[in-house]
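Novice: I'd like to ask some things about the structure below.
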Amino acid sequence: MTPTYYLVLAAILFTIGAVGVLVRRNAIVVFMCIELMLNSVNLTLVTFARINGTVDGQIMAFFVMVVAAAEVVVGLAIIMSIYRTRRSASVDDANLLKY
Amino acid sequence: MPDLSAPSISYVGLAPVLIVLAAACLGVLIEAFAPRHLRWNVQVALALLGTVGALVAVVLVAGRNELTAARAVAVDGTALFLEGTIAALGALSILMFAERALDPAKSAFVASAALPVGSSADRKLAAAPYSQTEVFPLASFAIGGMMLFAASNNLLVMFVALEVLSLPLYLICGMARRRRLLSQESAVKYFLLGSFASAFFLYGLALIYGFSGSVDLGEIRESAARSGSSDALFVTGLALLIVGLLFKAGIAPFHAWTPDVYQGAPTPVTALMAACTKVAAFGAILRLLYVGFGTSEWTWRPLIYSIAIVSMVVGAILGITQTDVKRMLAYSSIAHAGFLLVGVIALGDAATAGRGLSSTLFYLLTYGLTTVGGFAVVTLVRDGDGEATHLSKWAGLASRSPLTAAVMTLFLLGLAGLPLTSGFTGKFAVFRAAIDDGAWPLVVIALLASAIAAFFYLRLVVLMYFSPPAEDGPTVGVPGLPTTIVLAVTAAATLILGLAPNAVLDLAEQAAVLVG
């Protein structure tokens, strides 16, 4: 099985994530789409590590996981605080700042 | 089994970053162990010690040119100049964080960020004289990340530094004491769009790793020179990296978050973001483009060229339509980011090497100082509901407080780039470098955009001096020592860098070295 398939799969997942961020309305779902993008990057990194025959890409995937975990902590705290105030996690309801 | 030996690390060269991050870590411990009544003073002292200490360390290690920690971090003129700039602007922002005299509740930050807005517990704490002192370690972490961001010579370090600077900023954006709904909304918007952009940066990193087998900027340059730069992986990766960085720098067309977040965040935080984040992001852009992709200049040059035009025009024209001072300053920062990109473009030619870089460094310093000053004035003009940021409230401000109006006028003239202010020197240096580099069409557009932008700066000046004051107008608060220091330093810098800029220009000239 050629590693190229994994790269294509990762690109598809990344695109699904990016489109999801743009079209979904719930902040939690938007955030999940961002996590999907980060994980597709992990898949890309590991595949390239395999193609290049080095472990750098696998190590970088660990870095990405750690950063993604830290991002979850911060992100959920922020979404939680706005949800408790507004009783809604919809990004359309957060509309006080404009123009 | 390959030989695994620890890389040699030049702790002296990294000292500026390490000092700030150490202060941040100590701040977390203080938060855990110090009693509440002591925390505020200790945290302020520690955060100031960290940033000022970093500035001193930059001065002491100046002159080194090396790559350290397995080539991951550069310690060169450009990195140290930017680290010094970020540390100085960070110290000024922290002074604004520490202001106790302006808000009746003693602080611009909320007493307890975890409480839902409008709940009975939240209302009870609304006038309580204490606040979340976590903002100081968080700001220190952000400043440390910014300094590392501007110095990283490796895409992975750049990504980690990007997150270290972003995550604390997302949090402190949502911690305003007044108008908490706006503040929380700005935090959500900044967080979602910011992590969206870092995902793009990361995917670009992965593609470049696939292309060159390394994320070291020097090795990327060599493999681009070796195998040409028309590879689809390479071009896509480069484009994604640039998108991620342009977002952080708040450059149109990736600016959508900037006005909302600048308006909603507490004003001291806005000052930190507008000044320091911009400096750090431009440091990373310069290093990425000239160290990592210097041999493939014609791949990115047209892109940066057109983005510079879009950013100048969007910032200047949309700035005119704004009715809120903070949003106006946000669009001003978007236009300034476009002017800075003019300097980035002008780095290219070997004959003029250094001039574009040194003028960009100088411009970043002048822009940062003037912007921090502008936001410091915004914190002074207040009404019953916190800061009065609507333009109509500023009408006739000169008759209420001539000094405040005069200082704000100085900053606005500086941002507009009128002669005898630092903004003029910076713009002149950048535009001259661009003309030397043959980018005169860009300079013509930049001059037109400056003229349009001057309109909305001067409109505020006219409003302050020649409009009758409103009946229920705002009061101008008497600043405590911290904000007074910020205003004095930034106003003096705006004047001095306009009247006698030679010493600092020479310093920027000497610092214009990129190793790697």
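The chains in the structure tokens are called A, B, ... from first to last as shown; in each chain the residues are counted from 1, and the ligands are counted from 1 in the order shown.
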If you run DSSP on this backbone, which residues of chain A come out as alpha helix (DSSP H), and could you give them as a VMD selection string?
Specialist: chain A and resid 4 to 23 27 to 52 56 to 86
Novice: Would you give me, as CSV, each residue of chain B having an atom within 6 Å of an atom of chain A, along with its shortest atom pair and that distance in Å to one decimal, using only C-alpha atoms and sorting by chain and residue number?
Specialist:
```
residue,atom,partner,partner_atom,distance
B:Pro116,CA,A:Thr85,CA,4.8
B:Val117,CA,A:Thr85,CA,5.4
B:Glu185,CA,A:Ala94,CA,6.0
B:Ala199,CA,A:Leu38,CA,5.8
B:Tyr203,CA,A:Val41,CA,5.4
B:Ala206,CA,A:Leu45,CA,5.5
B:Gly210,CA,A:Phe48,CA,5.3
B:Asp260,CA,A:Leu97,CA,5.5
```
Novice: For region 232-234 of chain B, list every protein, DNA or RNA residue within 12 Å, evaluated using only C-alpha atoms, and leave out those in the same chain fewer than 2 positions away; present the list as number ranges by chain.
Specialist: A: 7, 11, 44, 48; B: 203-213, 220-221, 223-225, 227-230, 236-241, 292-293, 296, 299-300
Novice: For the selection you just gave me, I'd like the residues written to a file as a compact mmCIF listing (two decimals), in the first residue's frame, keeping N, CA and C atoms.
Specialist:
```
# COMPACT_ATOMS: atom_id res chain seq x y z
N LEU A 7 -1.67 10.34 2.61
CA LEU A 7 -1.60 11.79 2.44
C LEU A 7 -2.91 12.33 1.89
N ALA A 11 -5.47 14.90 3.60
CA ALA A 11 -5.92 16.14 2.96
C ALA A 11 -7.44 16.22 2.98
N THR A 44 -0.54 13.36 8.37
CA THR A 44 0.39 13.79 7.33
C THR A 44 1.84 13.67 7.82
N PHE A 48 4.73 11.27 6.23
CA PHE A 48 5.97 11.80 5.66
C PHE A 48 7.18 11.23 6.39
N TYR B 203 -0.55 22.65 9.05
CA TYR B 203 -0.61 21.82 7.83
C TYR B 203 0.49 22.27 6.86
N GLY B 204 0.73 23.57 6.80
CA GLY B 204 1.84 24.06 5.99
C GLY B 204 3.15 23.48 6.46
N LEU B 205 3.34 23.44 7.78
CA LEU B 205 4.55 22.84 8.37
C LEU B 205 4.70 21.40 7.91
N ALA B 206 3.58 20.63 7.97
CA ALA B 206 3.66 19.22 7.59
C ALA B 206 4.03 19.07 6.12
N LEU B 207 3.46 19.91 5.25
CA LEU B 207 3.76 19.79 3.82
C LEU B 207 5.22 20.17 3.54
N ILE B 208 5.71 21.22 4.22
CA ILE B 208 7.11 21.59 4.02
C ILE B 208 8.04 20.51 4.55
N TYR B 209 7.63 19.87 5.65
CA TYR B 209 8.42 18.74 6.16
C TYR B 209 8.44 17.63 5.12
N GLY B 210 7.31 17.38 4.46
CA GLY B 210 7.28 16.37 3.42
C GLY B 210 8.16 16.74 2.25
N PHE B 211 8.23 18.02 1.94
CA PHE B 211 9.02 18.46 0.79
C PHE B 211 10.51 18.37 1.09
N SER B 212 10.93 18.90 2.26
CA SER B 212 12.37 19.02 2.48
C SER B 212 12.91 18.02 3.50
N GLY B 213 12.03 17.27 4.16
CA GLY B 213 12.53 16.30 5.14
C GLY B 213 13.01 16.94 6.43
N ILE B 220 15.46 23.94 4.90
CA ILE B 220 14.38 24.17 3.93
C ILE B 220 14.91 25.00 2.77
N ARG B 221 15.71 26.05 3.11
CA ARG B 221 16.26 26.90 2.05
C ARG B 221 17.15 26.09 1.12
N SER B 223 17.12 22.80 0.52
CA SER B 223 16.43 21.84 -0.33
C SER B 223 15.59 22.56 -1.38
N ALA B 224 15.12 23.79 -1.06
CA ALA B 224 14.40 24.55 -2.09
C ALA B 224 15.37 24.96 -3.20
N ALA B 225 16.61 25.32 -2.83
CA ALA B 225 17.59 25.70 -3.84
C ALA B 225 17.98 24.47 -4.67
N SER B 227 16.14 21.50 -5.27
CA SER B 227 15.17 20.84 -6.12
C SER B 227 14.15 21.81 -6.72
N GLY B 228 14.48 23.11 -6.73
CA GLY B 228 13.56 24.06 -7.35
C GLY B 228 12.39 24.31 -6.44
N SER B 229 11.69 25.42 -6.70
CA SER B 229 10.60 25.78 -5.79
C SER B 229 9.25 25.76 -6.49
N SER B 230 9.12 24.91 -7.50
CA SER B 230 7.82 24.86 -8.17
C SER B 230 7.02 23.62 -7.78
N THR B 236 2.21 24.92 -1.83
CA THR B 236 1.05 24.86 -0.94
C THR B 236 1.47 25.05 0.50
N GLY B 237 2.56 24.38 0.89
CA GLY B 237 3.03 24.50 2.26
C GLY B 237 3.39 25.93 2.60
N LEU B 238 4.11 26.58 1.69
CA LEU B 238 4.51 27.97 1.93
C LEU B 238 3.27 28.86 2.08
N ALA B 239 2.29 28.65 1.17
CA ALA B 239 1.08 29.48 1.22
C ALA B 239 0.36 29.30 2.55
N LEU B 240 0.26 28.04 3.03
CA LEU B 240 -0.45 27.80 4.28
C LEU B 240 0.28 28.41 5.47
N LEU B 241 1.62 28.32 5.45
CA LEU B 241 2.40 28.94 6.53
C LEU B 241 2.15 30.44 6.56
N GLY B 292 14.09 31.03 5.61
CA GLY B 292 13.59 29.75 5.11
C GLY B 292 13.33 29.76 3.62
N PHE B 293 12.76 30.85 3.11
CA PHE B 293 12.33 30.85 1.72
C PHE B 293 13.02 31.96 0.93
N SER B 296 13.58 31.26 -2.76
CA SER B 296 12.39 31.11 -3.62
C SER B 296 11.55 32.38 -3.55
N THR B 299 8.41 33.07 -5.54
CA THR B 299 7.19 32.32 -5.25
C THR B 299 6.28 33.13 -4.34
N TRP B 300 6.86 33.83 -3.34
CA TRP B 300 5.99 34.52 -2.39
C TRP B 300 5.89 36.01 -2.63
```
Novice: Give me, please, the distance in Å between CA of Thr15 (chain A) and CA of Pro259 (chain B), quoted to one decimal.
Specialist: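 It comes out at 27.4 Å.
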Novice: Please provide the set of residues having any atom within 10 Å of Ser93 (chain B), restricted to only C-alpha atoms, with same-chain residues fewer than 2 positions apart removed, written as a PDB file with C-alpha atoms, in the first residue's frame.
Specialist:
```pdb
ATOM      1  CA  LEU B  48       7.649  43.897  35.600  1.00  0.00           C
ATOM      2  CA  ALA B  87      10.021  43.184  26.269  1.00  0.00           C
ATOM      3  CA  ALA B  88       9.820  46.988  26.404  1.00  0.00           C
ATOM      4  CA  LEU B  89       6.294  47.149  24.959  1.00  0.00           C
ATOM      5  CA  GLY B  90       5.306  44.218  27.195  1.00  0.00           C
ATOM      6  CA  ALA B  91       6.559  46.082  30.281  1.00  0.00           C
ATOM      7  CA  LEU B  95       2.057  48.783  33.693  1.00  0.00           C
ATOM      8  CA  MET B  96      -1.348  49.402  32.121  1.00  0.00           C
ATOM      9  CA  PHE B  97      -2.581  46.084  33.563  1.00  0.00           C
ATOM     10  CA  ALA B  98      -1.410  47.295  36.983  1.00  0.00           C
ATOM     11  CA  ALA B 139       0.614  38.016  30.113  1.00  0.00           C
ATOM     12  CA  THR B 267      -7.926  47.844  26.865  1.00  0.00           C
ATOM     13  CA  PRO B 268      -4.563  46.931  28.475  1.00  0.00           C
ATOM     14  CA  VAL B 269      -4.822  43.542  26.750  1.00  0.00           C
ATOM     15  CA  THR B 270      -5.701  45.242  23.480  1.00  0.00           C
ATOM     16  CA  ALA B 271      -2.539  47.328  23.821  1.00  0.00           C
ATOM     17  CA  LEU B 272      -0.502  44.178  24.433  1.00  0.00           C
ATOM     18  CA  MET B 273      -2.023  42.480  21.388  1.00  0.00           C
ATOM     19  CA  ALA B 275       1.818  46.204  19.883  1.00  0.00           C
ATOM     20  CA  CYS B 276       3.618  43.031  20.953  1.00  0.00           C
ATOM     21  CA  VAL B 372       0.391  51.487  23.369  1.00  0.00           C
ATOM     22  CA  GLY B 373       0.184  55.213  24.119  1.00  0.00           C
ATOM     23  CA  PHE B 375      -4.715  52.739  24.036  1.00  0.00           C
ATOM     24  CA  ALA B 376      -3.448  54.169  27.332  1.00  0.00           C
ATOM     25  CA  PRO B 482       1.616  53.178  36.124  1.00  0.00           C
ATOM     26  CA  THR B 483      -0.449  54.772  33.355  1.00  0.00           C
ATOM     27  CA  VAL B 486       3.244  54.647  30.118  1.00  0.00           C
TER      28      VAL B 486
END
```
Novice: CA of Glu222 (chain B) and CA of Val55 (chain A), how far apart in Å?
Specialist: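 Taking CA of Val55 (chain A) and CA of Glu222 (chain B), their separation equals 20.5 Å.
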Novice: Report the distance between CA of Leu202 (chain B) and CA of Met32 (chain A) in Å, rounded to one decimal place.
Specialist: 16.3 Å
Novice: If you count only C-alpha atoms, which residues fall within 7 Å of region 166-174 of chain B, apart from same-chain ones fewer than 2 positions away, as number ranges by chain?
Specialist: A: 71, 74; B: 135, 138-139, 141-142, 162-164, 176, 183-184, 186-187, 190-191, 265-266, 269
Novice: When you look at region 12-17 of chain B with a cut-off of 12 Å (counting only C-alpha atoms), what residues show up, excluding the ones that are within fewer than 3 positions of it in the same chain? I need them as a PDB file with N, CA and C atoms, in the first residue's frame.
Specialist:
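Saved file result.pdb follows:
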```pdb
ATOM      1  N   SER B   8      23.908  21.419  22.343  1.00  0.00           N
ATOM      2  CA  SER B   8      24.436  22.453  23.231  1.00  0.00           C
ATOM      3  C   SER B   8      23.492  23.652  23.189  1.00  0.00           C
ATOM      4  N   ILE B   9      23.217  24.188  24.324  1.00  0.00           N
ATOM      5  CA  ILE B   9      22.281  25.315  24.418  1.00  0.00           C
ATOM      6  C   ILE B   9      23.012  26.514  24.989  1.00  0.00           C
ATOM      7  N   VAL B  20      11.700  35.900  31.122  1.00  0.00           N
ATOM      8  CA  VAL B  20      10.251  36.167  31.110  1.00  0.00           C
ATOM      9  C   VAL B  20       9.460  34.914  31.458  1.00  0.00           C
ATOM     10  N   LEU B  21       9.868  33.777  30.878  1.00  0.00           N
ATOM     11  CA  LEU B  21       9.113  32.553  31.146  1.00  0.00           C
ATOM     12  C   LEU B  21       9.290  32.109  32.590  1.00  0.00           C
ATOM     13  N   ALA B  22      10.493  32.347  33.175  1.00  0.00           N
ATOM     14  CA  ALA B  22      10.696  32.011  34.583  1.00  0.00           C
ATOM     15  C   ALA B  22       9.796  32.868  35.458  1.00  0.00           C
ATOM     16  N   ALA B  23       9.695  34.162  35.128  1.00  0.00           N
ATOM     17  CA  ALA B  23       8.802  35.042  35.895  1.00  0.00           C
ATOM     18  C   ALA B  23       7.367  34.537  35.805  1.00  0.00           C
ATOM     19  N   ALA B  24       6.973  34.047  34.617  1.00  0.00           N
ATOM     20  CA  ALA B  24       5.608  33.546  34.443  1.00  0.00           C
ATOM     21  C   ALA B  24       5.379  32.314  35.307  1.00  0.00           C
ATOM     22  N   LEU B  49       9.472  42.790  36.725  1.00  0.00           N
ATOM     23  CA  LEU B  49      10.853  42.327  36.849  1.00  0.00           C
ATOM     24  C   LEU B  49      11.219  41.443  35.654  1.00  0.00           C
ATOM     25  N   GLY B  50      10.294  40.544  35.277  1.00  0.00           N
ATOM     26  CA  GLY B  50      10.556  39.653  34.154  1.00  0.00           C
ATOM     27  C   GLY B  50      10.787  40.417  32.869  1.00  0.00           C
ATOM     28  N   THR B  51       9.876  41.333  32.528  1.00  0.00           N
ATOM     29  CA  THR B  51      10.003  42.016  31.237  1.00  0.00           C
ATOM     30  C   THR B  51      11.185  42.986  31.237  1.00  0.00           C
ATOM     31  N   VAL B  52      11.348  43.740  32.334  1.00  0.00           N
ATOM     32  CA  VAL B  52      12.479  44.676  32.367  1.00  0.00           C
ATOM     33  C   VAL B  52      13.792  43.897  32.411  1.00  0.00           C
ATOM     34  N   GLY B  53      13.799  42.784  33.181  1.00  0.00           N
ATOM     35  CA  GLY B  53      14.987  41.939  33.219  1.00  0.00           C
ATOM     36  C   GLY B  53      15.341  41.427  31.834  1.00  0.00           C
ATOM     37  N   ALA B  54      14.319  41.038  31.052  1.00  0.00           N
ATOM     38  CA  ALA B  54      14.567  40.558  29.694  1.00  0.00           C
ATOM     39  C   ALA B  54      15.165  41.663  28.843  1.00  0.00           C
ATOM     40  N   LEU B  55      14.675  42.891  29.045  1.00  0.00           N
ATOM     41  CA  LEU B  55      15.206  44.020  28.272  1.00  0.00           C
ATOM     42  C   LEU B  55      16.685  44.234  28.602  1.00  0.00           C
ATOM     43  N   VAL B  56      17.004  44.172  29.898  1.00  0.00           N
ATOM     44  CA  VAL B  56      18.398  44.323  30.312  1.00  0.00           C
ATOM     45  C   VAL B  56      19.250  43.198  29.711  1.00  0.00           C
ATOM     46  N   ALA B  57      18.706  41.963  29.768  1.00  0.00           N
ATOM     47  CA  ALA B  57      19.451  40.826  29.227  1.00  0.00           C
ATOM     48  C   ALA B  57      19.712  41.006  27.739  1.00  0.00           C
ATOM     49  N   VAL B  58      18.715  41.554  27.007  1.00  0.00           N
ATOM     50  CA  VAL B  58      18.909  41.796  25.574  1.00  0.00           C
ATOM     51  C   VAL B  58      20.076  42.747  25.363  1.00  0.00           C
ATOM     52  N   VAL B  59      20.117  43.816  26.169  1.00  0.00           N
ATOM     53  CA  VAL B  59      21.204  44.790  26.021  1.00  0.00           C
ATOM     54  C   VAL B  59      22.546  44.117  26.297  1.00  0.00           C
ATOM     55  N   LEU B  60      22.570  43.228  27.315  1.00  0.00           N
ATOM     56  CA  LEU B  60      23.838  42.603  27.689  1.00  0.00           C
ATOM     57  C   LEU B  60      24.323  41.604  26.641  1.00  0.00           C
ATOM     58  N   VAL B  61      23.398  40.862  26.013  1.00  0.00           N
ATOM     59  CA  VAL B  61      23.856  39.850  25.053  1.00  0.00           C
ATOM     60  C   VAL B  61      23.920  40.401  23.633  1.00  0.00           C
ATOM     61  N   ALA B  62      23.594  41.669  23.443  1.00  0.00           N
ATOM     62  CA  ALA B  62      23.599  42.235  22.091  1.00  0.00           C
ATOM     63  C   ALA B  62      24.961  42.029  21.440  1.00  0.00           C
ATOM     64  N   GLY B  63      24.928  41.777  20.138  1.00  0.00           N
ATOM     65  CA  GLY B  63      26.174  41.581  19.415  1.00  0.00           C
ATOM     66  C   GLY B  63      26.460  40.134  19.083  1.00  0.00           C
ATOM     67  N   ARG B  64      25.729  39.209  19.739  1.00  0.00           N
ATOM     68  CA  ARG B  64      25.936  37.793  19.402  1.00  0.00           C
ATOM     69  C   ARG B  64      25.228  37.473  18.097  1.00  0.00           C
ATOM     70  N   ASN B  65      25.815  36.586  17.326  1.00  0.00           N
ATOM     71  CA  ASN B  65      25.151  36.082  16.131  1.00  0.00           C
ATOM     72  C   ASN B  65      25.371  34.593  16.073  1.00  0.00           C
ATOM     73  N   GLU B  66      24.389  33.834  16.490  1.00  0.00           N
ATOM     74  CA  GLU B  66      24.569  32.380  16.511  1.00  0.00           C
ATOM     75  C   GLU B  66      23.215  31.699  16.457  1.00  0.00           C
ATOM     76  N   LEU B  67      23.275  30.401  16.141  1.00  0.00           N
ATOM     77  CA  LEU B  67      22.088  29.565  16.268  1.00  0.00           C
ATOM     78  C   LEU B  67      22.335  28.636  17.431  1.00  0.00           C
ATOM     79  N   THR B  68      21.334  28.466  18.275  1.00  0.00           N
ATOM     80  CA  THR B  68      21.556  27.629  19.452  1.00  0.00           C
ATOM     81  C   THR B  68      20.445  26.594  19.573  1.00  0.00           C
ATOM     82  N   ALA B  69      20.611  25.663  20.516  1.00  0.00           N
ATOM     83  CA  ALA B  69      19.636  24.584  20.738  1.00  0.00           C
ATOM     84  C   ALA B  69      19.374  23.828  19.443  1.00  0.00           C
ATOM     85  N   ALA B  72      17.660  25.552  16.563  1.00  0.00           N
ATOM     86  CA  ALA B  72      16.227  25.813  16.638  1.00  0.00           C
ATOM     87  C   ALA B  72      15.928  27.274  16.919  1.00  0.00           C
ATOM     88  N   VAL B  73      16.807  27.961  17.638  1.00  0.00           N
ATOM     89  CA  VAL B  73      16.547  29.344  18.016  1.00  0.00           C
ATOM     90  C   VAL B  73      17.711  30.213  17.553  1.00  0.00           C
ATOM     91  N   ALA B  74      17.390  31.321  16.926  1.00  0.00           N
ATOM     92  CA  ALA B  74      18.424  32.232  16.458  1.00  0.00           C
ATOM     93  C   ALA B  74      18.679  33.287  17.524  1.00  0.00           C
ATOM     94  N   VAL B  75      19.938  33.588  17.749  1.00  0.00           N
ATOM     95  CA  VAL B  75      20.302  34.716  18.601  1.00  0.00           C
ATOM     96  C   VAL B  75      21.099  35.642  17.695  1.00  0.00           C
ATOM     97  N   ASP B  76      20.412  36.534  16.997  1.00  0.00           N
ATOM     98  CA  ASP B  76      21.112  37.443  16.093  1.00  0.00           C
ATOM     99  C   ASP B  76      20.559  38.847  16.281  1.00  0.00           C
ATOM    100  N   GLY B  77      21.083  39.792  15.518  1.00  0.00           N
ATOM    101  CA  GLY B  77      20.689  41.183  15.695  1.00  0.00           C
ATOM    102  C   GLY B  77      19.186  41.368  15.610  1.00  0.00           C
ATOM    103  N   ALA B  79      16.729  39.147  15.923  1.00  0.00           N
ATOM    104  CA  ALA B  79      15.999  38.490  17.006  1.00  0.00           C
ATOM    105  C   ALA B  79      16.121  39.304  18.286  1.00  0.00           C
ATOM    106  N   LEU B  80      17.342  39.772  18.596  1.00  0.00           N
ATOM    107  CA  LEU B  80      17.528  40.489  19.857  1.00  0.00           C
ATOM    108  C   LEU B  80      16.819  41.837  19.820  1.00  0.00           C
ATOM    109  N   PHE B  81      16.881  42.528  18.670  1.00  0.00           N
ATOM    110  CA  PHE B  81      16.180  43.815  18.567  1.00  0.00           C
ATOM    111  C   PHE B  81      14.681  43.611  18.799  1.00  0.00           C
ATOM    112  N   LEU B  82      14.116  42.573  18.163  1.00  0.00           N
ATOM    113  CA  LEU B  82      12.680  42.335  18.321  1.00  0.00           C
ATOM    114  C   LEU B  82      12.354  41.885  19.739  1.00  0.00           C
ATOM    115  N   GLU B  83      13.234  41.048  20.327  1.00  0.00           N
ATOM    116  CA  GLU B  83      12.991  40.620  21.705  1.00  0.00           C
ATOM    117  C   GLU B  83      13.000  41.830  22.636  1.00  0.00           C
ATOM    118  N   GLY B  84      13.956  42.733  22.399  1.00  0.00           N
ATOM    119  CA  GLY B  84      14.007  43.939  23.223  1.00  0.00           C
ATOM    120  C   GLY B  84      12.760  44.781  23.043  1.00  0.00           C
ATOM    121  N   THR B  85      12.315  44.931  21.778  1.00  0.00           N
ATOM    122  CA  THR B  85      11.103  45.705  21.512  1.00  0.00           C
ATOM    123  C   THR B  85       9.900  45.092  22.218  1.00  0.00           C
ATOM    124  N   ILE B  86       9.772  43.758  22.103  1.00  0.00           N
ATOM    125  CA  ILE B  86       8.616  43.092  22.721  1.00  0.00           C
ATOM    126  C   ILE B  86       8.687  43.226  24.239  1.00  0.00           C
ATOM    127  N   ALA B  87       9.893  43.079  24.812  1.00  0.00           N
ATOM    128  CA  ALA B  87      10.021  43.184  26.269  1.00  0.00           C
ATOM    129  C   ALA B  87       9.648  44.592  26.732  1.00  0.00           C
ATOM    130  N   ALA B  88      10.112  45.610  25.998  1.00  0.00           N
ATOM    131  CA  ALA B  88       9.820  46.988  26.404  1.00  0.00           C
ATOM    132  C   ALA B  88       8.326  47.264  26.287  1.00  0.00           C
ATOM    133  N   SER B 140       2.763  37.320  31.067  1.00  0.00           N
ATOM    134  CA  SER B 140       4.187  37.013  30.970  1.00  0.00           C
ATOM    135  C   SER B 140       4.417  35.822  30.036  1.00  0.00           C
ATOM    136  N   PHE B 141       3.572  34.796  30.154  1.00  0.00           N
ATOM    137  CA  PHE B 141       3.709  33.655  29.235  1.00  0.00           C
ATOM    138  C   PHE B 141       3.555  34.127  27.791  1.00  0.00           C
ATOM    139  N   ALA B 142       2.545  34.972  27.564  1.00  0.00           N
ATOM    140  CA  ALA B 142       2.322  35.443  26.193  1.00  0.00           C
ATOM    141  C   ALA B 142       3.544  36.210  25.693  1.00  0.00           C
ATOM    142  N   ILE B 143       4.120  37.074  26.548  1.00  0.00           N
ATOM    143  CA  ILE B 143       5.270  37.864  26.117  1.00  0.00           C
ATOM    144  C   ILE B 143       6.467  36.945  25.843  1.00  0.00           C
ATOM    145  N   GLY B 144       6.665  35.938  26.725  1.00  0.00           N
ATOM    146  CA  GLY B 144       7.747  34.984  26.486  1.00  0.00           C
ATOM    147  C   GLY B 144       7.566  34.254  25.164  1.00  0.00           C
ATOM    148  N   GLY B 145       6.333  33.814  24.894  1.00  0.00           N
ATOM    149  CA  GLY B 145       6.065  33.134  23.624  1.00  0.00           C
ATOM    150  C   GLY B 145       6.316  34.039  22.438  1.00  0.00           C
ATOM    151  N   MET B 146       5.947  35.323  22.572  1.00  0.00           N
ATOM    152  CA  MET B 146       6.176  36.267  21.470  1.00  0.00           C
ATOM    153  C   MET B 146       7.671  36.409  21.187  1.00  0.00           C
ATOM    154  N   MET B 147       8.472  36.491  22.271  1.00  0.00           N
ATOM    155  CA  MET B 147       9.911  36.661  22.068  1.00  0.00           C
ATOM    156  C   MET B 147      10.502  35.439  21.384  1.00  0.00           C
ATOM    157  N   LEU B 148      10.039  34.259  21.785  1.00  0.00           N
ATOM    158  CA  LEU B 148      10.535  33.040  21.148  1.00  0.00           C
ATOM    159  C   LEU B 148      10.058  32.948  19.702  1.00  0.00           C
ATOM    160  N   PHE B 149       8.839  33.404  19.458  1.00  0.00           N
ATOM    161  CA  PHE B 149       8.250  33.368  18.117  1.00  0.00           C
ATOM    162  C   PHE B 149       9.121  34.156  17.134  1.00  0.00           C
ATOM    163  N   ALA B 150       9.585  35.332  17.595  1.00  0.00           N
ATOM    164  CA  ALA B 150      10.373  36.183  16.706  1.00  0.00           C
ATOM    165  C   ALA B 150      11.778  35.634  16.499  1.00  0.00           C
ATOM    166  N   ALA B 151      12.221  34.694  17.366  1.00  0.00           N
ATOM    167  CA  ALA B 151      13.601  34.232  17.295  1.00  0.00           C
ATOM    168  C   ALA B 151      13.713  32.811  16.767  1.00  0.00           C
ATOM    169  N   SER B 152      12.571  32.132  16.481  1.00  0.00           N
ATOM    170  CA  SER B 152      12.677  30.713  16.174  1.00  0.00           C
ATOM    171  C   SER B 152      13.171  30.490  14.757  1.00  0.00           C
ATOM    172  N   ALA B 161       5.828  28.211  19.888  1.00  0.00           N
ATOM    173  CA  ALA B 161       5.850  29.579  20.399  1.00  0.00           C
ATOM    174  C   ALA B 161       4.552  30.297  20.045  1.00  0.00           C
TER     175      ALA B 161
END
```
Novice: Going by DSSP on the backbone, which bits of region 163-400 of chain B are strand (DSSP E)? Write them as a ChimeraX atom specification, please.
Specialist: /B:381-383,386-387
Novice: Write out as a list in words the residues lying within 10 Å of region 399-405 of chain B, counting only C-alpha atoms and excluding same-chain residues fewer than 2 positions away.
Specialist: Val377, Val378, Leu380, Val381, Trp394, Ala395, Gly396, Leu397, Val407, Met408, Thr409, Leu410, Phe411, Leu460, Val461, Met464, Tyr465, Phe466, Ser467, Pro468, Pro469, Gly473, Pro474, Thr475, Val476, Gly477, Val478 and Leu487 of chain B
Novice: Output C-alpha atoms for every residue in that selection, as a compact mmCIF listing (two decimals), in the first residue's frame.
Specialist:
```txt
# COMPACT_ATOMS: atom_id res chain seq x y z
CA VAL B 377 -5.34 57.38 26.56
CA VAL B 378 -8.45 55.30 25.75
CA LEU B 380 -8.60 57.45 30.73
CA VAL B 381 -11.84 58.57 29.09
CA TRP B 394 -14.92 62.23 22.66
CA ALA B 395 -16.43 65.45 21.28
CA GLY B 396 -15.01 68.52 22.96
CA LEU B 397 -12.61 66.51 25.08
CA VAL B 407 -1.36 63.68 24.26
CA MET B 408 -3.94 61.81 22.18
CA THR B 409 -3.40 64.27 19.34
CA LEU B 410 0.32 63.55 19.46
CA PHE B 411 -0.30 59.80 19.19
CA LEU B 460 -10.79 62.55 15.93
CA VAL B 461 -8.45 65.48 16.57
CA MET B 464 -11.75 66.69 20.37
CA TYR B 465 -10.87 70.32 19.75
CA PHE B 466 -13.63 71.91 17.69
CA SER B 467 -16.84 70.16 18.69
CA PRO B 468 -18.97 71.33 21.60
CA PRO B 469 -18.74 68.85 24.50
CA GLY B 473 -20.06 63.50 28.35
CA PRO B 474 -17.47 61.23 29.90
CA THR B 475 -15.11 62.19 32.67
CA VAL B 476 -11.38 62.03 32.17
CA GLY B 477 -9.87 59.90 34.91
CA VAL B 478 -6.73 60.96 36.72
CA LEU B 487 1.92 57.94 28.76
```
